[in-house]
>>> print(open('entry05.txt').read())   # compact mmCIF, C-alpha atoms
# COMPACT_ATOMS: atom_id res chain seq x y z
CA MET A 1 12.49 0.78 30.40
CA LYS A 2 10.14 3.76 30.34
CA LEU A 3 13.03 6.06 29.49
CA ALA A 4 14.13 3.78 26.66
CA ARG A 5 10.58 3.90 25.30
CA ARG A 6 10.57 7.71 25.38
CA VAL A 7 13.95 8.06 23.69
CA PHE A 8 13.25 5.33 21.12
CA PRO A 9 9.51 5.32 20.41
CA HIS A 10 10.29 3.42 17.19
CA PRO A 11 13.39 1.27 17.66
CA TYR A 12 13.27 -0.22 14.12
CA LEU A 13 13.01 3.25 12.61
CA SER A 14 15.92 4.50 14.72
CA ALA A 15 18.08 1.54 13.70
CA LEU A 16 17.16 2.07 10.06
CA LEU A 17 18.00 5.78 10.22
CA LEU A 18 21.40 5.02 11.75
CA LEU A 19 22.10 2.44 9.04
CA VAL A 20 20.98 4.73 6.21
CA TRP A 21 23.12 7.55 7.60
CA CYS A 22 26.20 5.31 7.65
CA LEU A 23 25.47 4.10 4.12
CA LEU A 24 24.98 7.68 2.89
CA ASN A 25 28.37 8.64 4.29
CA ASN A 26 29.85 5.40 2.98
CA SER A 27 31.74 5.00 6.24
CA PHE A 28 31.30 3.39 9.66
CA SER A 29 33.74 5.63 11.56
CA LEU A 30 33.00 6.75 15.12
CA ASN A 31 32.29 10.25 13.83
CA THR A 32 29.52 9.03 11.52
CA LEU A 33 28.10 6.67 14.13
CA VAL A 34 27.79 9.40 16.78
CA PHE A 35 26.04 11.83 14.46
CA GLY A 36 23.84 9.03 13.08
CA PHE A 37 22.93 8.12 16.65
CA ILE A 38 21.87 11.71 17.37
CA LEU A 39 19.78 11.72 14.18
CA SER A 40 18.16 8.42 15.13
CA ILE A 41 17.01 9.96 18.42
CA VAL A 42 15.89 13.35 17.08
CA THR A 43 14.11 12.28 13.86
CA PRO A 44 11.57 9.79 15.31
CA SER A 45 10.51 12.17 18.08
CA ALA A 46 10.34 15.15 15.70
CA THR A 47 8.10 13.21 13.31
CA ALA A 48 6.17 11.35 16.02
CA ASN A 49 2.84 12.74 14.75
CA SER A 50 3.21 10.79 11.52
CA TRP A 51 3.78 7.49 13.33
CA PRO A 52 0.82 6.97 15.65
CA ASP A 53 1.27 3.18 15.91
CA ARG A 54 4.31 1.01 15.88
CA PRO A 55 3.98 -1.65 13.14
CA ARG A 56 4.42 -5.03 14.77
CA LEU A 57 6.52 -7.71 13.20
CA LYS A 58 5.53 -11.12 14.52
CA ARG A 59 8.38 -12.99 12.86
CA PRO A 60 11.08 -10.58 11.62
CA VAL A 61 13.39 -13.44 10.56
CA LEU A 62 11.05 -14.30 7.69
CA VAL A 63 11.67 -10.83 6.18
CA VAL A 64 14.99 -12.15 4.85
CA GLU A 65 13.28 -15.09 3.15
CA TYR A 66 10.67 -12.74 1.67
CA MET A 67 13.34 -10.43 0.24
CA VAL A 68 15.21 -13.34 -1.36
CA VAL A 69 11.99 -14.65 -2.94
CA VAL A 70 11.06 -11.18 -4.26
CA ILE A 71 14.51 -10.42 -5.70
CA TRP A 72 14.61 -13.82 -7.40
CA ASP A 73 11.11 -13.23 -8.85
CA ILE A 74 12.13 -9.78 -10.09
CA ILE A 75 15.03 -11.30 -12.04
CA VAL A 76 13.00 -14.19 -13.50
CA ALA A 77 10.00 -12.03 -14.38
CA ASN A 78 12.22 -9.35 -15.95
CA VAL A 79 13.47 -11.94 -18.43
CA ILE A 80 9.91 -13.12 -19.12
CA VAL A 81 8.61 -9.59 -19.71
CA ALA A 82 11.61 -8.73 -21.90
CA GLY A 83 10.73 -11.83 -23.95
CA LEU A 84 7.10 -10.74 -24.20
CA ILE A 85 8.08 -7.26 -25.36
CA LEU A 86 10.65 -8.43 -27.90
CA PHE A 87 9.16 -11.58 -29.40
CA ARG A 88 5.39 -11.31 -29.17
CA ARG A 89 3.14 -9.32 -31.48
CA THR A 90 1.35 -6.64 -29.51
CA ASP A 91 -2.11 -7.89 -30.47
CA SER A 92 -1.35 -11.41 -29.23
CA LEU A 93 -0.79 -10.11 -25.69
CA ARG A 94 -3.78 -10.34 -23.36
CA PRO A 95 -3.61 -7.41 -20.92
CA ASN A 96 -6.13 -7.89 -18.17
CA TRP A 97 -7.37 -6.58 -14.83
CA VAL A 98 -7.30 -8.91 -11.84
CA SER A 99 -9.07 -8.33 -8.55
CA ILE A 100 -7.26 -9.81 -5.57
CA PRO A 101 -9.27 -10.25 -2.37
CA LEU A 102 -7.05 -9.55 0.63
CA ASP A 103 -6.74 -11.53 3.85
CA LEU A 104 -4.19 -9.04 5.13
CA ARG A 105 -5.56 -6.27 7.33
CA THR A 106 -2.39 -4.45 8.47
CA PRO A 107 -1.93 -1.29 6.32
CA GLU A 108 1.86 -1.74 6.28
CA ALA A 109 1.53 -5.30 5.00
CA ILE A 110 -0.92 -4.27 2.25
CA THR A 111 1.45 -1.47 1.18
CA ILE A 112 4.36 -3.90 0.95
CA LEU A 113 2.21 -6.37 -1.02
CA ALA A 114 1.19 -3.63 -3.48
CA GLY A 115 4.83 -2.55 -3.86
CA THR A 116 5.95 -6.13 -4.44
CA ILE A 117 3.29 -6.67 -7.10
CA THR A 118 4.44 -3.56 -8.96
CA LEU A 119 8.14 -4.46 -8.71
CA THR A 120 7.70 -7.96 -10.07
CA PRO A 121 7.41 -7.47 -13.82
CA GLY A 122 4.18 -8.29 -15.62
CA THR A 123 1.92 -6.96 -12.88
CA VAL A 124 1.16 -3.45 -11.61
CA SER A 125 -1.00 -2.79 -8.58
CA ALA A 126 -3.33 -0.01 -9.65
CA ASP A 127 -5.88 0.55 -6.93
CA VAL A 128 -7.32 -0.63 -3.65
CA SER A 129 -11.00 -0.96 -2.85
CA CYS A 130 -12.36 1.72 -0.57
CA ASP A 131 -12.76 -0.67 2.36
CA GLY A 132 -9.20 -1.95 1.85
CA HIS A 133 -10.25 -5.56 1.29
CA ALA A 134 -9.21 -5.98 -2.36
CA LEU A 135 -6.37 -4.93 -4.64
CA LEU A 136 -6.78 -4.10 -8.32
CA VAL A 137 -3.86 -5.45 -10.36
CA HIS A 138 -3.13 -4.97 -14.05
CA CYS A 139 -1.38 -7.85 -15.85
CA LEU A 140 0.58 -7.41 -19.04
CA ASN A 141 -0.29 -10.88 -20.30
CA ALA A 142 -2.78 -12.95 -18.35
CA GLU A 143 -4.58 -15.80 -20.10
CA ASP A 144 -5.89 -17.07 -16.78
CA THR A 145 -6.68 -14.37 -14.23
CA ASP A 146 -7.45 -16.92 -11.49
CA ALA A 147 -3.96 -18.40 -11.77
CA VAL A 148 -2.39 -14.94 -11.38
CA ARG A 149 -4.54 -14.26 -8.33
CA ASP A 150 -3.72 -17.59 -6.68
CA GLU A 151 0.00 -17.17 -7.33
CA ILE A 152 0.11 -13.71 -5.73
CA LYS A 153 -1.94 -14.89 -2.77
CA ASP A 154 0.14 -17.98 -2.21
CA ARG A 155 3.59 -16.59 -2.94
CA TYR A 156 3.51 -13.14 -1.35
CA GLU A 157 0.40 -12.65 0.74
CA ARG A 158 0.85 -15.89 2.70
CA ARG A 159 4.42 -14.92 3.59
CA LEU A 160 3.45 -11.36 4.57
CA LYS A 161 0.67 -12.74 6.75
CA GLU A 162 3.19 -14.89 8.60
CA ILE A 163 5.47 -11.87 9.09
CA PHE A 164 2.89 -9.33 10.19
CA GLU A 165 -0.18 -11.06 11.60
CA MET B 1 42.21 -11.68 -10.77
CA ALA B 2 41.30 -8.03 -11.26
CA GLU B 3 40.97 -8.74 -14.96
CA PHE B 4 38.35 -11.41 -14.30
CA PHE B 5 36.29 -8.97 -12.25
CA GLN B 6 36.56 -6.40 -15.00
CA TYR B 7 34.81 -8.91 -17.24
CA VAL B 8 32.13 -9.35 -14.55
CA VAL B 9 31.67 -5.57 -14.41
CA ALA B 10 31.46 -5.35 -18.20
CA ALA B 11 28.93 -8.21 -18.33
CA SER B 12 26.64 -6.58 -15.74
CA LEU B 13 26.82 -3.27 -17.59
CA VAL B 14 25.88 -4.91 -20.89
CA ILE B 15 22.99 -6.85 -19.30
CA ALA B 16 21.77 -3.64 -17.64
CA GLY B 17 21.97 -1.82 -20.98
CA ILE B 18 19.99 -4.53 -22.75
CA PHE B 19 17.18 -4.38 -20.19
CA GLY B 20 17.18 -0.58 -20.37
CA ILE B 21 16.73 -0.69 -24.13
CA VAL B 22 14.04 -3.38 -23.96
CA GLY B 23 12.13 -1.27 -21.42
CA SER B 24 12.27 1.81 -23.63
CA PHE B 25 11.36 -0.25 -26.69
CA GLY B 26 8.32 -1.64 -24.86
CA LEU B 27 7.21 1.90 -24.16
CA ILE B 28 6.99 2.48 -27.92
CA LYS B 29 5.69 -0.92 -28.95
CA LEU B 30 2.85 -1.59 -26.51
CA ASN B 31 -0.35 0.11 -27.48
CA ASP B 32 -2.50 0.89 -24.48
CA PRO B 33 -1.55 3.15 -21.57
CA MET B 34 -1.76 0.52 -18.82
CA SER B 35 0.43 -1.95 -20.75
CA ARG B 36 2.93 0.80 -21.45
CA LEU B 37 3.24 1.36 -17.73
CA HIS B 38 4.70 -2.15 -17.40
CA ALA B 39 7.73 -1.61 -19.60
CA PRO B 40 9.52 1.20 -17.75
CA THR B 41 8.65 0.09 -14.19
CA LYS B 42 9.88 -3.41 -14.94
CA ALA B 43 12.87 -3.57 -17.18
CA THR B 44 14.41 -0.67 -15.28
CA THR B 45 14.52 -2.59 -11.98
CA LEU B 46 17.02 -5.01 -13.50
CA GLY B 47 18.50 -2.33 -15.77
CA VAL B 48 19.41 -0.09 -12.88
CA GLY B 49 20.25 -3.09 -10.68
CA GLY B 50 22.88 -4.27 -13.16
CA VAL B 51 24.62 -0.88 -13.16
CA LEU B 52 24.63 -0.84 -9.35
CA ILE B 53 26.09 -4.36 -9.13
CA ALA B 54 28.75 -3.37 -11.66
CA SER B 55 29.58 -0.30 -9.60
CA MET B 56 29.89 -2.26 -6.35
CA VAL B 57 32.02 -5.02 -7.87
CA HIS B 58 34.26 -2.43 -9.50
CA ALA B 59 34.80 -0.52 -6.24
CA LEU B 60 35.44 -3.66 -4.21
CA MET B 61 37.53 -5.78 -6.56
CA VAL B 62 39.28 -3.29 -8.84
CA GLU B 63 39.68 -0.20 -6.66
CA HIS B 64 39.80 -2.21 -3.41
CA HIS B 65 37.47 -0.19 -1.21
CA LEU B 66 34.00 -1.02 -0.01
CA SER B 67 31.20 1.07 -1.51
CA VAL B 68 27.67 0.68 -0.17
CA HIS B 69 25.96 3.76 -1.62
CA GLU B 70 24.54 1.51 -4.28
CA LEU B 71 22.47 -0.45 -1.77
CA LEU B 72 20.78 2.81 -0.79
CA ILE B 73 19.96 3.61 -4.41
CA THR B 74 18.36 0.16 -4.68
CA ILE B 75 16.30 0.70 -1.53
CA PHE B 76 15.13 4.17 -2.60
CA LEU B 77 14.26 2.90 -6.09
CA PHE B 78 12.27 0.00 -4.64
CA LEU B 79 10.41 2.44 -2.39
CA THR B 80 9.61 5.05 -5.03
CA ALA B 81 9.06 3.07 -8.27
CA PRO B 82 5.77 1.43 -7.14
CA ILE B 83 4.42 4.77 -5.93
CA THR B 84 4.96 6.51 -9.28
CA ALA B 85 3.41 3.58 -11.13
CA ASN B 86 0.48 3.62 -8.72
CA PHE B 87 -0.09 7.36 -9.25
CA ILE B 88 -0.12 6.98 -13.04
CA ALA B 89 -2.44 3.96 -12.84
CA LYS B 90 -4.82 5.81 -10.51
CA ALA B 91 -4.93 8.83 -12.79
CA HIS B 92 -5.69 6.52 -15.72
CA ILE B 93 -8.49 4.73 -13.83
CA HIS B 94 -9.95 8.01 -12.65
CA ARG B 95 -10.06 9.55 -16.12
CA HIS B 96 -10.72 6.63 -18.46
CA CYS B 97 -12.29 3.69 -16.62
CA THR B 98 -15.80 2.95 -15.40
CA ALA B 99 -16.84 0.22 -12.99
CA GLU B 100 -17.78 -1.96 -15.98
CA ASP B 101 -14.19 -2.03 -17.25
CA LEU B 102 -12.84 -3.34 -13.96
CA PRO B 103 -13.47 -6.57 -12.06
CA ASP B 104 -15.62 -6.32 -8.94
CA PRO B 105 -13.63 -5.72 -5.76
CA ALA B 106 -15.86 -7.29 -3.15
CA PRO B 107 -19.55 -7.08 -2.39
CA ASP B 108 -20.58 -3.61 -1.14
CA ALA B 109 -17.29 -1.97 -2.12
CA ARG B 110 -15.92 0.11 -4.96
CA TRP B 111 -12.44 0.84 -6.19
CA ALA B 112 -11.04 3.90 -4.43
CA GLY B 113 -9.94 5.46 -7.74
CA LEU B 114 -13.50 5.68 -9.07
CA THR B 115 -15.71 8.48 -7.90
CA GLU B 116 -19.04 7.52 -6.40
CA GLU B 117 -21.07 8.35 -9.53
CA GLU B 118 -18.75 6.39 -11.83
CA ALA B 119 -18.98 3.35 -9.61
CA ASP B 120 -22.75 3.59 -9.39
CA THR B 121 -23.45 3.82 -13.13
CA PRO B 122 -24.08 0.09 -13.77
CA ASP B 123 -26.58 -0.18 -10.91
CA ALA B 124 -28.48 2.92 -12.03
CA GLN B 125 -29.78 1.30 -15.21
>>> encode(input="entry05.txt", output="structure tokens")
Amino acid sequence: MKLARRVFPHPYLSALLLLVWCLLNNSFSLNTLVFGFILSIVTPSATANSWPDRPRLKRPVLVVEYMVVVIWDIIVANVIVAGLILFRRTDSLRPNWVSIPLDLRTPEAITILAGTITLTPGTVSADVSCDGHALLVHCLNAEDTDAVRDEIKDRYERRLKEIFE
Amino acid sequence: MAEFFQYVVAASLVIAGIFGIVGSFGLIKLNDPMSRLHAPTKATTLGVGGVLIASMVHALMVEHHLSVHELLITIFLFLTAPITANFIAKAHIHRHCTAEDLPDPAPDARWAGLTEEEADTPDAQ
């Protein structure tokens, strides 16, 4: 057990590296797998200084649900934003800043939330408060900033909280 | 059957192209820097996604071999696109915004992109 912990200080990272290596080579032959396996042992220990803690996933199964929700939202919101750009006069748009207080405390979870907000069209996460307890989000068209805030908190932050904390 | 999938490939390519054009058009049409940031980071997620889906379907159904490179491109795009957008937004906040332009983060805090003096201006009056 101790040996396994020394060889794989970050099992998720090792698995991810192996997978990415196979995808890069576009093959799952024994050759690729063996070299990918070597990489997945060497890379985490060579970069150990950059990974002081191991991020903990409380409920990894929910990651799949989260990804489906986000991809669906990206598609829907892309159509909405395309509509805004094509059919609305620029001066009828109401760009606005929204401040989102965070219940999340894990840095990894906050990073993923910020990335999700940027990827879903219509919102860009611009900044974080210096104590890390609020996110600054820019909306392309927000009549009601409270509604935007509640939607992000309920749709993404609640799910991330279940996954990470 | 292969013919049907060729139509699927063509449709995804056209959809991707449309979103690419709309994104670029938004870059011209919108009139303040933060709004302009929305157009390219957004419409390109689906624009690029459509091309990748077309590529995967083409490899699998027309050329009959599995190609998974495209998934990697998606992952790398999803990892890097928010970071670029965040850098541009931070540079904009740092150079052009004061604490009065932005909503309050939380009591006793300031936005990390503002320097201490900028954040303190409203209280100093």
>>> residues_around(input="entry05.txt", residues="A:Ile75", least_positions_apart="2", cutoff="10 Å", atoms="all atoms listed in the file", output="compact mmCIF listing (two decimals) with C-alpha atoms, keeping the file's coordinate frame")
# COMPACT_ATOMS: atom_id res chain seq x y z
CA VAL A 70 11.06 -11.18 -4.26
CA ILE A 71 14.51 -10.42 -5.70
CA TRP A 72 14.61 -13.82 -7.40
CA ASP A 73 11.11 -13.23 -8.85
CA ALA A 77 10.00 -12.03 -14.38
CA ASN A 78 12.22 -9.35 -15.95
CA VAL A 79 13.47 -11.94 -18.43
CA ILE A 80 9.91 -13.12 -19.12
CA THR A 120 7.70 -7.96 -10.07
CA PRO A 121 7.41 -7.47 -13.82
CA LYS B 42 9.88 -3.41 -14.94
CA ALA B 43 12.87 -3.57 -17.18
CA THR B 45 14.52 -2.59 -11.98
CA LEU B 46 17.02 -5.01 -13.50
CA GLY B 49 20.25 -3.09 -10.68
>>> closest_residue(input="entry05.txt", among="B:Ala16, B:Ala91, B:Ala10, B:Ile83", to="A:Val124", atoms="all atoms listed in the file")
B:Ile83
>>> interface_residues(input="entry05.txt", of="chain A", to="chain B", cutoff="8 Å", atoms="all atoms listed in the file", output="tab-separated table (two decimals) with C-alpha atoms, in the frame of the given file")
chain	number	residue	atom	x	y	z
A	20	VAL	CA	20.98	4.73	6.21
A	23	LEU	CA	25.47	4.10	4.12
A	24	LEU	CA	24.98	7.68	2.89
A	26	ASN	CA	29.85	5.40	2.98
A	74	ILE	CA	12.13	-9.78	-10.09
A	75	ILE	CA	15.03	-11.30	-12.04
A	78	ASN	CA	12.22	-9.35	-15.95
A	81	VAL	CA	8.61	-9.59	-19.71
A	82	ALA	CA	11.61	-8.73	-21.90
A	85	ILE	CA	8.08	-7.26	-25.36
A	86	LEU	CA	10.65	-8.43	-27.90
A	90	THR	CA	1.35	-6.64	-29.51
A	95	PRO	CA	-3.61	-7.41	-20.92
A	97	TRP	CA	-7.37	-6.58	-14.83
A	98	VAL	CA	-7.30	-8.91	-11.84
A	99	SER	CA	-9.07	-8.33	-8.55
A	100	ILE	CA	-7.26	-9.81	-5.57
A	101	PRO	CA	-9.27	-10.25	-2.37
A	114	ALA	CA	1.19	-3.63	-3.48
A	115	GLY	CA	4.83	-2.55	-3.86
A	118	THR	CA	4.44	-3.56	-8.96
A	119	LEU	CA	8.14	-4.46	-8.71
A	120	THR	CA	7.70	-7.96	-10.07
A	121	PRO	CA	7.41	-7.47	-13.82
A	122	GLY	CA	4.18	-8.29	-15.62
A	123	THR	CA	1.92	-6.96	-12.88
A	124	VAL	CA	1.16	-3.45	-11.61
A	125	SER	CA	-1.00	-2.79	-8.58
A	126	ALA	CA	-3.33	-0.01	-9.65
A	127	ASP	CA	-5.88	0.55	-6.93
A	128	VAL	CA	-7.32	-0.63	-3.65
A	129	SER	CA	-11.00	-0.96	-2.85
A	130	CYS	CA	-12.36	1.72	-0.57
A	131	ASP	CA	-12.76	-0.67	2.36
A	133	HIS	CA	-10.25	-5.56	1.29
A	134	ALA	CA	-9.21	-5.98	-2.36
A	135	LEU	CA	-6.37	-4.93	-4.64
A	136	LEU	CA	-6.78	-4.10	-8.32
A	138	HIS	CA	-3.13	-4.97	-14.05
A	139	CYS	CA	-1.38	-7.85	-15.85
A	140	LEU	CA	0.58	-7.41	-19.04
>>> atom_distance(input="entry05.txt", atom1="atom CA of B:Ala2", atom2="atom CA of B:Val51")
18.2 Å
>>> axis_aligned_box(input="entry05.txt", around="stretch 70-82 of chain A", padding_each_side="5 Å", output="JSON")
{"center_x": 11.8, "center_y": -11.5, "center_z": -13.1, "size_x": 16.4, "size_y": 15.5, "size_z": 27.6}
>>> residues_around(input="entry05.txt", residues="stretch 91-94 of chain A", least_positions_apart="2", cutoff="8 Å", atoms="only C-alpha atoms", output="compact mmCIF listing (two decimals) with C-alpha atoms, in the frame of the given file")
# COMPACT_ATOMS: atom_id res chain seq x y z
CA ARG A 88 5.39 -11.31 -29.17
CA ARG A 89 3.14 -9.32 -31.48
CA ASN A 96 -6.13 -7.89 -18.17
CA LEU A 140 0.58 -7.41 -19.04
CA ASN A 141 -0.29 -10.88 -20.30
CA ALA A 142 -2.78 -12.95 -18.35
CA GLU A 143 -4.58 -15.80 -20.10
>>> atom_distance(input="entry05.txt", atom1="atom CA of A:Ala46", atom2="atom CA of A:Leu3")
16.7 Å
>>> atom_distance(input="entry05.txt", atom1="atom CA of B:Val57", atom2="atom CA of A:Val76")
21.9 Å
>>> residues_around(input="entry05.txt", residues="stretch 6-9 of chain A", least_positions_apart="4", cutoff="8 Å", atoms="all atoms listed in the file", output="MDAnalysis selection string")
chainID A and resid 2 14 41 44:45
>>> residues_around(input="entry05.txt", residues="stretch 153-164 of chain A", least_positions_apart="3", cutoff="7 Å", atoms="all atoms listed in the file", output="short mmCIF file (atom, residue, chain, number, x, y, z; two decimals) with C-alpha atoms, keeping the file's coordinate frame")
data_model
loop_
_atom_site.label_atom_id
_atom_site.label_comp_id
_atom_site.auth_asym_id
_atom_site.auth_seq_id
_atom_site.Cartn_x
_atom_site.Cartn_y
_atom_site.Cartn_z
CA ARG A 56 4.42 -5.03 14.77
CA LEU A 57 6.52 -7.71 13.20
CA LYS A 58 5.53 -11.12 14.52
CA ARG A 59 8.38 -12.99 12.86
CA PRO A 60 11.08 -10.58 11.62
CA LEU A 62 11.05 -14.30 7.69
CA VAL A 63 11.67 -10.83 6.18
CA TYR A 66 10.67 -12.74 1.67
CA LEU A 104 -4.19 -9.04 5.13
CA ALA A 109 1.53 -5.30 5.00
CA LEU A 113 2.21 -6.37 -1.02
CA ARG A 149 -4.54 -14.26 -8.33
CA ASP A 150 -3.72 -17.59 -6.68
#
>>> closest_residue(input="entry05.txt", among="B:Ile28, B:Pro33, B:Val62, B:Phe76", to="B:Cys97", atoms="only C-alpha atoms")
B:Pro33
>>> decode(input="entry05.txt", residues="stretch 14-67 of chain B", atoms="C-alpha atoms", output="short mmCIF file (atom, residue, chain, number, x, y, z; two decimals), in the first residue's frame")
data_model
loop_
_atom_site.label_atom_id
_atom_site.label_comp_id
_atom_site.auth_asym_id
_atom_site.auth_seq_id
_atom_site.Cartn_x
_atom_site.Cartn_y
_atom_site.Cartn_z
CA VAL B 14 -22.06 24.00 -42.19
CA ILE B 15 -23.35 24.52 -38.62
CA ALA B 16 -19.76 24.98 -37.41
CA GLY B 17 -19.12 27.50 -40.19
CA ILE B 18 -22.23 29.48 -39.32
CA PHE B 19 -21.23 29.76 -35.66
CA GLY B 20 -17.69 30.72 -36.66
CA ILE B 21 -19.01 33.55 -38.82
CA VAL B 22 -21.46 34.74 -36.15
CA GLY B 23 -18.63 34.83 -33.61
CA SER B 24 -16.42 36.91 -35.89
CA PHE B 25 -19.35 39.16 -36.79
CA GLY B 26 -20.04 39.75 -33.09
CA LEU B 27 -16.45 40.84 -32.67
CA ILE B 28 -17.11 43.67 -35.14
CA LYS B 29 -20.65 44.52 -34.10
CA LEU B 30 -20.46 44.72 -30.31
CA ASN B 31 -19.13 48.00 -29.07
CA ASP B 32 -17.41 47.66 -25.74
CA PRO B 33 -14.34 45.52 -25.02
CA MET B 34 -15.94 43.23 -22.43
CA SER B 35 -18.92 42.45 -24.69
CA ARG B 36 -16.58 41.77 -27.57
CA LEU B 37 -14.85 39.16 -25.45
CA HIS B 38 -18.09 37.14 -25.45
CA ALA B 39 -18.32 36.62 -29.19
CA PRO B 40 -15.08 34.73 -29.90
CA THR B 41 -14.97 32.69 -26.66
CA LYS B 42 -18.54 31.56 -27.22
CA ALA B 43 -19.44 30.93 -30.79
CA THR B 44 -16.11 29.21 -31.30
CA THR B 45 -16.87 26.48 -28.74
CA LEU B 46 -19.67 25.21 -30.97
CA GLY B 47 -17.89 26.30 -34.15
CA VAL B 48 -14.84 24.20 -33.40
CA GLY B 49 -16.98 21.46 -31.84
CA GLY B 50 -18.93 21.03 -35.08
CA VAL B 51 -15.74 20.56 -37.11
CA LEU B 52 -14.47 17.98 -34.60
CA ILE B 53 -17.75 16.03 -34.67
CA ALA B 54 -17.66 16.08 -38.47
CA SER B 55 -14.10 14.79 -38.42
CA MET B 56 -14.92 11.94 -36.02
CA VAL B 57 -18.04 10.86 -37.90
CA HIS B 58 -16.13 10.96 -41.18
CA ALA B 59 -13.28 8.80 -39.86
CA LEU B 60 -15.61 6.28 -38.23
CA MET B 61 -18.40 5.93 -40.77
CA VAL B 62 -16.79 6.80 -44.11
CA GLU B 63 -13.17 5.73 -43.67
CA HIS B 64 -14.03 2.99 -41.14
CA HIS B 65 -11.38 3.60 -38.49
CA LEU B 66 -11.74 5.04 -35.04
CA SER B 67 -10.22 8.49 -34.53
#
